[in-house]
>>> print(open('model17.cif').read())   # mmCIF, C-alpha atoms
data_work
#
loop_
_atom_site.group_PDB
_atom_site.id
_atom_site.type_symbol
_atom_site.label_atom_id
_atom_site.label_comp_id
_atom_site.auth_asym_id
_atom_site.auth_seq_id
_atom_site.Cartn_x
_atom_site.Cartn_y
_atom_site.Cartn_z
ATOM 1 C CA MET A 21 154.789 22.055 220.067
ATOM 2 C CA ALA A 22 152.562 24.230 217.925
ATOM 3 C CA ARG A 23 155.404 25.034 215.568
ATOM 4 C CA GLY A 24 156.276 21.347 215.190
ATOM 5 C CA LYS A 25 152.692 20.453 214.266
ATOM 6 C CA ALA A 26 152.609 23.275 211.747
ATOM 7 C CA LYS A 27 155.755 22.013 210.097
ATOM 8 C CA ASP A 28 154.354 18.482 209.970
ATOM 9 C CA GLY A 29 151.184 19.833 208.331
ATOM 10 C CA ASP A 30 153.202 21.715 205.742
ATOM 11 C CA GLY A 31 155.214 18.612 204.993
ATOM 12 C CA ASN A 32 152.120 16.457 204.499
ATOM 13 C CA TRP A 33 150.677 19.008 202.084
ATOM 14 C CA LYS A 34 153.854 19.144 200.036
ATOM 15 C CA LYS A 35 154.141 15.374 200.133
ATOM 16 C CA PHE A 36 150.594 15.054 198.768
ATOM 17 C CA ILE A 37 151.472 17.264 195.796
ATOM 18 C CA TRP A 38 154.648 15.357 195.043
ATOM 19 C CA ASN A 39 155.765 12.196 196.837
ATOM 20 C CA SER A 40 159.367 11.643 195.823
ATOM 21 C CA GLU A 41 159.507 8.241 197.516
ATOM 22 C CA LYS A 42 156.588 6.705 195.584
ATOM 23 C CA LYS A 43 156.901 8.989 192.560
ATOM 24 C CA GLU A 44 153.287 10.139 192.992
ATOM 25 C CA LEU A 45 151.707 13.407 191.851
ATOM 26 C CA LEU A 46 148.562 14.334 193.758
ATOM 27 C CA GLY A 47 148.397 10.805 195.112
ATOM 28 C CA ARG A 48 148.718 8.996 191.776
ATOM 29 C CA THR A 49 151.584 7.548 189.856
ATOM 30 C CA GLY A 50 152.357 8.380 186.257
ATOM 31 C CA GLY A 51 150.799 5.149 185.054
ATOM 32 C CA SER A 52 147.609 5.854 187.017
ATOM 33 C CA TRP A 53 147.342 9.366 185.546
ATOM 34 C CA PHE A 54 147.909 7.953 182.049
ATOM 35 C CA LYS A 55 145.100 5.424 182.461
ATOM 36 C CA ILE A 56 142.717 8.106 183.731
ATOM 37 C CA LEU A 57 143.543 10.520 180.892
ATOM 38 C CA LEU A 58 143.234 7.695 178.339
ATOM 39 C CA PHE A 59 139.806 6.772 179.742
ATOM 40 C CA TYR A 60 138.459 10.306 179.527
ATOM 41 C CA VAL A 61 139.899 10.841 176.050
ATOM 42 C CA ILE A 62 138.110 7.710 174.836
ATOM 43 C CA PHE A 63 134.947 8.569 176.803
ATOM 44 C CA TYR A 64 134.592 12.129 175.515
ATOM 45 C CA GLY A 65 135.742 11.047 172.061
ATOM 46 C CA CYS A 66 132.832 8.592 171.945
ATOM 47 C CA LEU A 67 130.433 11.316 173.121
ATOM 48 C CA ALA A 68 131.715 13.692 170.447
ATOM 49 C CA GLY A 69 131.390 10.950 167.818
ATOM 50 C CA ILE A 70 127.798 10.236 168.834
ATOM 51 C CA PHE A 71 126.964 13.952 168.745
ATOM 52 C CA ILE A 72 128.594 14.488 165.337
ATOM 53 C CA GLY A 73 126.917 11.345 164.016
ATOM 54 C CA THR A 74 123.443 12.486 165.081
ATOM 55 C CA ILE A 75 124.039 15.920 163.542
ATOM 56 C CA GLN A 76 125.149 14.341 160.260
ATOM 57 C CA VAL A 77 122.114 12.054 160.188
ATOM 58 C CA MET A 78 119.840 15.040 160.858
ATOM 59 C CA LEU A 79 121.499 17.047 158.068
ATOM 60 C CA LEU A 80 120.704 14.237 155.640
ATOM 61 C CA THR A 81 117.015 14.982 156.188
ATOM 62 C CA VAL A 82 117.387 18.753 155.661
ATOM 63 C CA SER A 83 117.300 20.290 152.204
ATOM 64 C CA GLU A 84 119.880 22.913 151.302
ATOM 65 C CA PHE A 85 117.328 24.757 149.208
ATOM 66 C CA GLU A 86 114.213 25.028 151.375
ATOM 67 C CA PRO A 87 113.209 24.888 155.073
ATOM 68 C CA LYS A 88 112.024 21.534 156.394
ATOM 69 C CA TYR A 89 109.183 23.137 158.373
ATOM 70 C CA GLN A 90 107.481 26.058 156.671
ATOM 71 C CA ASP A 91 104.452 26.770 158.812
ATOM 72 C CA ARG A 92 105.937 30.112 159.894
ATOM 73 C CA VAL A 93 107.407 31.275 156.577
ATOM 74 C CA ALA A 94 105.956 34.702 155.825
ATOM 75 C CA PRO A 95 104.327 35.517 152.464
ATOM 76 C CA PRO A 96 106.233 37.715 150.001
ATOM 77 C CA GLY A 97 107.011 41.221 151.118
ATOM 78 C CA LEU A 98 107.242 44.616 149.478
ATOM 79 C CA THR A 99 109.391 47.545 150.482
ATOM 80 C CA GLN A 100 110.534 50.904 149.208
ATOM 81 C CA VAL A 101 113.789 52.606 148.323
ATOM 82 C CA PRO A 102 115.155 54.951 149.571
ATOM 83 C CA GLN A 103 115.118 53.265 152.973
ATOM 84 C CA VAL A 104 114.060 55.894 155.483
ATOM 85 C CA GLN A 105 113.412 55.949 159.201
ATOM 86 C CA LYS A 106 109.781 56.011 160.278
ATOM 87 C CA THR A 107 108.857 55.451 156.586
ATOM 88 C CA GLU A 108 108.677 59.188 156.014
ATOM 89 C CA ILE A 109 110.139 61.261 153.193
ATOM 90 C CA SER A 110 110.371 64.941 153.986
ATOM 91 C CA PHE A 111 112.210 67.665 152.091
ATOM 92 C CA THR A 112 111.885 71.126 150.596
ATOM 93 C CA ALA A 113 111.395 71.142 146.838
ATOM 94 C CA SER A 114 113.334 74.410 146.386
ATOM 95 C CA ASP A 115 116.332 73.205 148.442
ATOM 96 C CA PRO A 116 118.436 70.504 146.706
ATOM 97 C CA LYS A 117 120.407 69.840 149.883
ATOM 98 C CA SER A 118 117.241 68.747 151.688
ATOM 99 C CA TYR A 119 116.641 65.811 149.323
ATOM 100 C CA GLU A 120 120.297 65.020 148.600
ATOM 101 C CA PRO A 121 120.376 62.144 151.183
ATOM 102 C CA TYR A 122 117.497 60.423 149.356
ATOM 103 C CA VAL A 123 119.269 60.768 146.017
ATOM 104 C CA ARG A 124 122.467 59.361 147.509
ATOM 105 C CA ASN A 125 120.546 56.465 149.036
ATOM 106 C CA LEU A 126 119.017 55.621 145.661
ATOM 107 C CA ASP A 127 122.373 55.863 143.881
ATOM 108 C CA ASN A 128 124.017 53.510 146.373
ATOM 109 C CA PHE A 129 121.199 50.989 146.067
ATOM 110 C CA LEU A 130 121.170 51.023 142.266
ATOM 111 C CA ARG A 131 124.941 50.662 141.988
ATOM 112 C CA ASP A 132 124.675 46.848 141.939
ATOM 113 C CA TYR A 133 122.286 47.109 138.989
ATOM 114 C CA SER A 134 124.653 49.208 136.868
ATOM 115 C CA ALA A 135 126.356 47.859 133.762
ATOM 116 C CA ASP A 136 129.760 48.228 135.442
ATOM 117 C CA GLN A 137 128.821 45.499 137.931
ATOM 118 C CA GLN A 138 127.783 43.001 135.252
ATOM 119 C CA THR A 139 131.186 41.314 135.010
ATOM 120 C CA GLU A 140 132.084 38.089 133.233
ATOM 121 C CA SER A 141 132.287 36.257 136.549
ATOM 122 C CA ILE A 142 128.565 36.859 137.110
ATOM 123 C CA VAL A 143 126.209 34.904 134.894
ATOM 124 C CA PHE A 144 122.869 36.620 134.377
ATOM 125 C CA GLU A 145 120.073 35.186 132.295
ATOM 126 C CA ASP A 146 118.322 37.527 129.905
ATOM 127 C CA CYS A 147 114.782 37.991 131.222
ATOM 128 C CA GLY A 148 113.604 39.820 128.106
ATOM 129 C CA ASP A 149 111.756 43.110 127.781
ATOM 130 C CA THR A 150 108.179 42.020 128.438
ATOM 131 C CA PRO A 151 106.558 39.946 131.210
ATOM 132 C CA SER A 152 106.556 36.202 130.516
ATOM 133 C CA GLU A 153 106.104 32.902 132.353
ATOM 134 C CA TYR A 154 108.281 31.501 135.137
ATOM 135 C CA LYS A 155 111.796 30.403 134.317
ATOM 136 C CA GLU A 156 112.453 26.993 135.847
ATOM 137 C CA ARG A 157 115.937 26.928 137.359
ATOM 138 C CA GLY A 158 115.645 23.979 139.717
ATOM 139 C CA PRO A 159 113.500 22.637 142.548
ATOM 140 C CA TYR A 160 111.126 25.025 144.214
ATOM 141 C CA ASN A 161 108.422 24.896 146.845
ATOM 142 C CA ASP A 162 105.206 26.734 146.104
ATOM 143 C CA ALA A 163 104.107 26.588 149.756
ATOM 144 C CA GLN A 164 107.150 28.614 150.716
ATOM 145 C CA GLY A 165 105.914 31.483 148.584
ATOM 146 C CA GLN A 166 108.852 31.434 146.180
ATOM 147 C CA LYS A 167 106.628 30.924 143.149
ATOM 148 C CA LYS A 168 104.219 33.821 143.070
ATOM 149 C CA ALA A 169 100.967 33.708 141.143
ATOM 150 C CA PRO A 170 99.097 36.664 139.647
ATOM 151 C CA VAL A 171 95.485 37.222 140.477
ATOM 152 C CA ASN A 172 92.730 39.078 138.634
ATOM 153 C CA GLU A 173 90.138 39.126 141.399
ATOM 154 C CA SER A 174 89.327 42.361 143.231
ATOM 155 C CA LEU A 175 91.996 44.284 141.378
ATOM 156 C CA PRO A 176 91.642 48.087 141.205
ATOM 157 C CA PRO A 177 90.232 49.321 137.873
ATOM 158 C CA GLU A 178 93.522 51.054 137.091
ATOM 159 C CA VAL A 179 95.334 47.710 137.379
ATOM 160 C CA MET A 180 92.743 45.789 135.355
ATOM 161 C CA ALA A 181 93.173 48.281 132.517
ATOM 162 C CA LYS A 182 96.773 47.102 132.058
ATOM 163 C CA TYR A 183 96.354 43.562 133.329
ATOM 164 C CA ASN A 184 98.869 40.985 132.135
ATOM 165 C CA PRO A 185 98.629 37.312 133.204
ATOM 166 C CA ASN A 186 102.426 37.128 133.498
ATOM 167 C CA LEU A 187 102.673 40.046 135.897
ATOM 168 C CA ILE A 188 102.538 40.595 139.641
ATOM 169 C CA PRO A 189 100.762 43.991 139.619
ATOM 170 C CA VAL A 190 101.775 46.865 141.893
ATOM 171 C CA HIS A 191 99.435 49.741 142.618
ATOM 172 C CA CYS A 192 99.726 52.780 144.896
ATOM 173 C CA VAL A 193 96.773 54.668 146.384
ATOM 174 C CA ALA A 194 96.086 57.093 149.191
ATOM 175 C CA LYS A 195 96.273 55.472 152.610
ATOM 176 C CA ARG A 196 93.531 57.751 153.901
ATOM 177 C CA ASP A 197 90.381 58.700 152.059
ATOM 178 C CA GLU A 198 90.980 62.393 152.683
ATOM 179 C CA ASP A 199 94.298 62.150 150.794
ATOM 180 C CA ALA A 200 92.762 60.679 147.622
ATOM 181 C CA ASP A 201 92.812 64.016 145.785
ATOM 182 C CA LYS A 202 96.321 64.925 146.986
ATOM 183 C CA ILE A 203 98.338 62.163 145.324
ATOM 184 C CA GLY A 204 97.878 63.233 141.732
ATOM 185 C CA THR A 205 99.078 61.162 138.808
ATOM 186 C CA VAL A 206 101.213 58.080 139.547
ATOM 187 C CA GLU A 207 103.523 56.690 136.876
ATOM 188 C CA TYR A 208 104.985 53.168 136.999
ATOM 189 C CA TYR A 209 108.178 52.072 135.278
ATOM 190 C CA GLY A 210 108.397 48.286 135.282
ATOM 191 C CA MET A 211 109.304 45.670 132.690
ATOM 192 C CA GLY A 212 107.756 46.603 129.345
ATOM 193 C CA THR A 213 106.201 49.712 130.980
ATOM 194 C CA TYR A 214 103.885 47.413 132.947
ATOM 195 C CA PRO A 215 103.196 48.371 136.603
ATOM 196 C CA GLY A 216 104.568 45.285 138.332
ATOM 197 C CA PHE A 217 107.038 42.406 138.387
ATOM 198 C CA GLY A 218 107.342 39.924 135.531
ATOM 199 C CA LEU A 219 106.938 36.276 136.493
ATOM 200 C CA GLN A 220 110.252 35.355 134.861
ATOM 201 C CA TYR A 221 112.020 36.856 137.888
ATOM 202 C CA TYR A 222 110.630 34.012 140.001
ATOM 203 C CA PRO A 223 110.975 31.655 141.727
ATOM 204 C CA TYR A 224 113.842 32.751 143.959
ATOM 205 C CA TYR A 225 115.934 29.840 145.234
ATOM 206 C CA GLY A 226 118.133 31.564 147.801
ATOM 207 C CA LYS A 227 121.781 32.546 147.972
ATOM 208 C CA LEU A 228 123.029 28.981 147.501
ATOM 209 C CA LEU A 229 121.724 28.640 143.942
ATOM 210 C CA GLN A 230 121.563 32.350 143.136
ATOM 211 C CA PRO A 231 124.450 34.016 144.993
ATOM 212 C CA LYS A 232 124.303 37.158 142.833
ATOM 213 C CA TYR A 233 120.522 37.479 142.758
ATOM 214 C CA LEU A 234 119.132 41.002 142.547
ATOM 215 C CA GLN A 235 115.492 41.538 143.421
ATOM 216 C CA PRO A 236 113.289 42.969 140.641
ATOM 217 C CA LEU A 237 112.382 46.630 140.863
ATOM 218 C CA VAL A 238 109.507 48.864 139.844
ATOM 219 C CA ALA A 239 110.021 52.625 139.791
ATOM 220 C CA VAL A 240 107.042 54.667 141.001
ATOM 221 C CA GLN A 241 106.799 58.386 140.224
ATOM 222 C CA PHE A 242 104.369 60.751 141.941
ATOM 223 C CA THR A 243 104.280 63.553 139.422
ATOM 224 C CA ASN A 244 102.232 66.125 141.325
ATOM 225 C CA LEU A 245 101.949 65.406 145.032
ATOM 226 C CA THR A 246 100.310 68.171 147.015
ATOM 227 C CA TYR A 247 102.884 70.373 148.751
ATOM 228 C CA ASP A 248 102.903 71.716 152.307
ATOM 229 C CA MET A 249 100.839 68.926 153.846
ATOM 230 C CA GLU A 250 101.329 65.343 154.905
ATOM 231 C CA VAL A 251 100.208 62.732 152.397
ATOM 232 C CA ARG A 252 100.300 59.025 153.242
ATOM 233 C CA VAL A 253 100.503 56.525 150.364
ATOM 234 C CA GLU A 254 100.108 52.753 150.360
ATOM 235 C CA CYS A 255 101.512 50.504 147.630
ATOM 236 C CA ARG A 256 100.422 46.871 147.236
ATOM 237 C CA ALA A 257 101.477 43.869 145.211
ATOM 238 C CA TYR A 258 98.654 41.573 144.109
ATOM 239 C CA GLY A 259 98.952 37.781 143.932
ATOM 240 C CA GLN A 260 97.149 34.611 144.986
ATOM 241 C CA ASN A 261 99.658 33.863 147.746
ATOM 242 C CA ILE A 262 100.211 37.485 148.768
ATOM 243 C CA ILE A 263 98.175 38.381 151.830
ATOM 244 C CA TYR A 264 98.220 41.469 153.998
ATOM 245 C CA SER A 265 98.600 41.726 157.748
ATOM 246 C CA ASP A 266 98.149 44.654 160.104
ATOM 247 C CA LYS A 267 100.968 43.202 162.223
ATOM 248 C CA ASP A 268 103.504 43.383 159.371
ATOM 249 C CA ARG A 269 103.399 46.591 157.367
ATOM 250 C CA PHE A 270 105.734 45.137 154.701
ATOM 251 C CA GLN A 271 103.810 41.907 154.087
ATOM 252 C CA GLY A 272 102.744 42.293 150.480
ATOM 253 C CA ARG A 273 102.580 46.076 150.841
ATOM 254 C CA PHE A 274 104.153 49.142 152.374
ATOM 255 C CA ASP A 275 102.973 52.626 153.251
ATOM 256 C CA ILE A 276 105.002 55.802 153.367
ATOM 257 C CA LYS A 277 104.337 59.391 154.349
ATOM 258 C CA PHE A 278 105.350 62.326 152.164
ATOM 259 C CA ASP A 279 105.857 65.791 153.625
ATOM 260 C CA ILE A 280 107.103 68.005 150.809
ATOM 261 C CA LYS A 281 107.410 71.710 151.434
ATOM 262 C CA SER A 282 107.357 74.178 148.576
ATOM 263 C CA SER A 283 109.831 76.567 150.216
#
>>> encode(input="model17.cif", output="C-alpha cells")
Amino acid sequence: MARGKAKDGDGNWKKFIWNSEKKELLGRTGGSWFKILLFYVIFYGCLAGIFIGTIQVMLLTVSEFEPKYQDRVAPPGLTQVPQVQKTEISFTASDPKSYEPYVRNLDNFLRDYSADQQTESIVFEDCGDTPSEYKERGPYNDAQGQKKAPVNESLPPEVMAKYNPNLIPVHCVAKRDEDADKIGTVEYYGMGTYPGFGLQYYPYYGKLLQPKYLQPLVAVQFTNLTYDMEVRVECRAYGQNIIYSDKDRFQGRFDIKFDIKSS
C-alpha cells in the first residue's frame, strides 16, 4: 500500500509540471502564460518609463558645467610636487641616488607640460608672459570658487613688495618660529618672475569645457636650507575667497617637512 501511494504522489508531481491531457505547464496553459508574461512586460515597462522620465526631467534642471548645490564645495586648494608620503622630503645631498625618486617624480609630472605634448589636436590659448585679467571662456560661478580674486590685505611684506593686482600671490615661510632662520632665501619662478598665479589662468570650467586643462604652476626654490635638521615649511596662496582650515591641510595652503642630510 505504501508503495502505491508513493507512486501516486510521484505521478501527481509530474502531472503538475506537465499535464499532457490539458497541455498545461505548472498548472497553466500556453495562453495563460502568455497573458501573464505580457502583463508583467507592460507593467515593468511602464515602471521603467516612469523612472527614466523622472531622471530625464531631473537632468533638465542640472547644469553640465557647475553643481546645482554648492554649499559643500571646498575653496581652492594648493599642493606640492613631487607628491610624497607624509609630506616629507628627505635625502642626502652628497648621494644622487637618494633624491633620484624626487627628480623622477618631477619629470613625470612635467611631461604633460613639455613642447612635445602640445600637438595640433590640442588647442591652447596663449596666456602671455605677464599676469593679466581673467579670460572669459564661458559661464562661471563665482560662489563655486572657480573665479579667484587677489587680495592686498594682511599680505606679508615680501609679497607686498612685488604685489600685482592680476596675481594670486604665493608665499612660503617657516611653519614653526624656531625654523625661521633655517629656511634661507626662497626664490619663486612664476609667470613674469612674479611669485604666484596669473588671473588669466582662471576661471576653470571643468573637464567638459577644458578636457586638456593643465593647472598653473609656480616653482619654488629653497637655495640654502639648513642641513642635518628637520625644517617644516608652509606655503600659502592669498585671495579673497581662499580661506584656511586646520581640518584640511591643502585648503589654500600646504606644509612640508625637509630633512636634508649633508652626508
>>> resolve_selection(input="model17.cif", expression="the PyMOL selection byres ((chain A and resi 97) around 10)", output="PyMOL selection string")
chain A and resi 94-96+98-99+256-257+262-264+268-274
>>> write_last_selection(input="model17.cif", atoms="C-alpha atoms", output="PDB file, keeping the file's coordinate frame")
ATOM      1  CA  ALA A  94     105.956  34.702 155.825  1.00  0.00           C
ATOM      2  CA  PRO A  95     104.327  35.517 152.464  1.00  0.00           C
ATOM      3  CA  PRO A  96     106.233  37.715 150.001  1.00  0.00           C
ATOM      4  CA  LEU A  98     107.242  44.616 149.478  1.00  0.00           C
ATOM      5  CA  THR A  99     109.391  47.545 150.482  1.00  0.00           C
ATOM      6  CA  ARG A 256     100.422  46.871 147.236  1.00  0.00           C
ATOM      7  CA  ALA A 257     101.477  43.869 145.211  1.00  0.00           C
ATOM      8  CA  ILE A 262     100.211  37.485 148.768  1.00  0.00           C
ATOM      9  CA  ILE A 263      98.175  38.381 151.830  1.00  0.00           C
ATOM     10  CA  TYR A 264      98.220  41.469 153.998  1.00  0.00           C
ATOM     11  CA  ASP A 268     103.504  43.383 159.371  1.00  0.00           C
ATOM     12  CA  ARG A 269     103.399  46.591 157.367  1.00  0.00           C
ATOM     13  CA  PHE A 270     105.734  45.137 154.701  1.00  0.00           C
ATOM     14  CA  GLN A 271     103.810  41.907 154.087  1.00  0.00           C
ATOM     15  CA  GLY A 272     102.744  42.293 150.480  1.00  0.00           C
ATOM     16  CA  ARG A 273     102.580  46.076 150.841  1.00  0.00           C
ATOM     17  CA  PHE A 274     104.153  49.142 152.374  1.00  0.00           C
TER      18      PHE A 274
END
>>> resolve_selection(input="model17.cif", expression="the PyMOL selection byres ((chain A and resi 147-150) around 12)", output="JSON, numbers by chain")
{"A": [144, 145, 146, 151, 152, 153, 154, 155, 184, 185, 186, 187, 210, 211, 212, 213, 214, 215, 216, 217, 218, 219, 220, 221, 222, 236]}
>>> write_last_selection(input="model17.cif", atoms="C-alpha atoms", output="CSV table (one decimal), in the coordinates of the input")
chain,number,residue,atom,x,y,z
A,144,PHE,CA,122.9,36.6,134.4
A,145,GLU,CA,120.1,35.2,132.3
A,146,ASP,CA,118.3,37.5,129.9
A,151,PRO,CA,106.6,39.9,131.2
A,152,SER,CA,106.6,36.2,130.5
A,153,GLU,CA,106.1,32.9,132.4
A,154,TYR,CA,108.3,31.5,135.1
A,155,LYS,CA,111.8,30.4,134.3
A,184,ASN,CA,98.9,41.0,132.1
A,185,PRO,CA,98.6,37.3,133.2
A,186,ASN,CA,102.4,37.1,133.5
A,187,LEU,CA,102.7,40.0,135.9
A,210,GLY,CA,108.4,48.3,135.3
A,211,MET,CA,109.3,45.7,132.7
A,212,GLY,CA,107.8,46.6,129.3
A,213,THR,CA,106.2,49.7,131.0
A,214,TYR,CA,103.9,47.4,132.9
A,215,PRO,CA,103.2,48.4,136.6
A,216,GLY,CA,104.6,45.3,138.3
A,217,PHE,CA,107.0,42.4,138.4
A,218,GLY,CA,107.3,39.9,135.5
A,219,LEU,CA,106.9,36.3,136.5
A,220,GLN,CA,110.3,35.4,134.9
A,221,TYR,CA,112.0,36.9,137.9
A,222,TYR,CA,110.6,34.0,140.0
A,236,PRO,CA,113.3,43.0,140.6
>>> closest_residue(input="model17.cif", among="A:Gln241, A:Gln260, A:Thr246, A:Thr74", to="Asp201 of chain A", atoms="all atoms listed in the file")
A:Thr246
>>> atom_distance(input="model17.cif", atom1="atom CA of Gln76 of chain A", atom2="atom CA of Tyr224 of chain A")
27.1 Å
>>> closest_residue(input="model17.cif", among="A:Pro102, A:Glu254, A:Leu234, A:Val77", to="Glu120 of chain A", atoms="only C-alpha atoms")
A:Pro102
>>> atom_distance(input="model17.cif", atom1="atom CA of Lys182 of chain A", atom2="atom CA of Ser265 of chain A")
26.3 Å
>>> atom_distance(input="model17.cif", atom1="atom CA of Val238 of chain A", atom2="atom CA of Tyr258 of chain A")
13.8 Å
>>> resolve_selection(input="model17.cif", expression="the PyMOL selection byres ((chain A and resi 208) around 6)", output="ChimeraX atom specification")
/A:207,209,215,239-240
>>> residues_near_point(input="model17.cif", point="(113.8, 60.1, 150.2)", cutoff="9 Å", atoms="only C-alpha atoms", output="ChimeraX atom specification")
/A:101-104,108-111,119-123,125-126,278
>>> build_atoms(input="model17.cif", residues="segment 115-123 of chain A", atoms="all heavy atoms", output="tab-separated table (two decimals), in the frame of the given file")
chain	number	residue	atom	x	y	z
A	115	ASP	N	115.02	73.34	147.81
A	115	ASP	CA	116.33	73.20	148.44
A	115	ASP	C	116.94	71.84	148.08
A	115	ASP	O	116.58	70.84	148.70
A	115	ASP	CB	116.20	73.35	149.95
A	115	ASP	CG	117.55	73.28	150.66
A	115	ASP	OD1	118.58	73.34	149.97
A	115	ASP	OD2	117.56	73.14	151.91
A	116	PRO	N	117.85	71.79	147.11
A	116	PRO	CA	118.44	70.50	146.71
A	116	PRO	C	119.14	69.77	147.85
A	116	PRO	O	119.15	68.54	147.87
A	116	PRO	CB	119.43	70.89	145.61
A	116	PRO	CG	118.93	72.21	145.08
A	116	PRO	CD	118.34	72.90	146.27
A	117	LYS	N	119.70	70.49	148.78
A	117	LYS	CA	120.41	69.84	149.88
A	117	LYS	C	119.46	69.05	150.77
A	117	LYS	O	119.86	68.08	151.42
A	117	LYS	CB	121.15	70.88	150.71
A	117	LYS	CG	122.34	71.51	149.99
A	117	LYS	CD	123.09	72.46	150.92
A	117	LYS	CE	124.30	73.06	150.21
A	117	LYS	NZ	125.05	73.98	151.11
A	118	SER	N	118.19	69.43	150.81
A	118	SER	CA	117.24	68.75	151.69
A	118	SER	C	116.90	67.35	151.18
A	118	SER	O	116.56	66.46	151.97
A	118	SER	CB	115.97	69.58	151.86
A	118	SER	OG	115.30	69.71	150.61
A	119	TYR	N	116.94	67.14	149.85
A	119	TYR	CA	116.64	65.81	149.32
A	119	TYR	C	117.89	65.09	148.80
A	119	TYR	O	117.80	64.00	148.24
A	119	TYR	CB	115.58	65.86	148.22
A	119	TYR	CG	115.83	66.82	147.08
A	119	TYR	CD1	116.69	66.48	146.04
A	119	TYR	CD2	115.18	68.05	147.02
A	119	TYR	CE1	116.91	67.33	144.98
A	119	TYR	CE2	115.39	68.92	145.97
A	119	TYR	CZ	116.26	68.56	144.94
A	119	TYR	OH	116.47	69.41	143.90
A	120	GLU	N	119.06	65.68	149.02
A	120	GLU	CA	120.30	65.02	148.60
A	120	GLU	C	120.51	63.66	149.27
A	120	GLU	O	120.96	62.71	148.60
A	120	GLU	CB	121.49	65.94	148.87
A	120	GLU	CG	122.82	65.35	148.42
A	120	GLU	CD	123.98	66.30	148.68
A	120	GLU	OE1	123.73	67.46	149.08
A	120	GLU	OE2	125.13	65.88	148.50
A	121	PRO	N	120.20	63.48	150.57
A	121	PRO	CA	120.38	62.14	151.18
A	121	PRO	C	119.53	61.06	150.51
A	121	PRO	O	119.98	59.92	150.38
A	121	PRO	CB	119.93	62.37	152.63
A	121	PRO	CG	120.15	63.82	152.89
A	121	PRO	CD	119.83	64.49	151.58
A	122	TYR	N	118.33	61.41	150.05
A	122	TYR	CA	117.50	60.42	149.36
A	122	TYR	C	118.10	60.04	148.00
A	122	TYR	O	118.08	58.87	147.61
A	122	TYR	CB	116.09	60.97	149.16
A	122	TYR	CG	115.41	61.40	150.43
A	122	TYR	CD1	114.96	62.70	150.62
A	122	TYR	CD2	115.20	60.48	151.47
A	122	TYR	CE1	114.32	63.08	151.79
A	122	TYR	CE2	114.56	60.86	152.64
A	122	TYR	CZ	114.14	62.16	152.80
A	122	TYR	OH	113.52	62.53	153.96
A	123	VAL	N	118.63	61.04	147.31
A	123	VAL	CA	119.27	60.77	146.02
A	123	VAL	C	120.49	59.88	146.21
A	123	VAL	O	120.72	58.92	145.46
A	123	VAL	CB	119.65	62.09	145.33
A	123	VAL	CG1	120.41	61.81	144.03
A	123	VAL	CG2	118.42	62.94	145.06
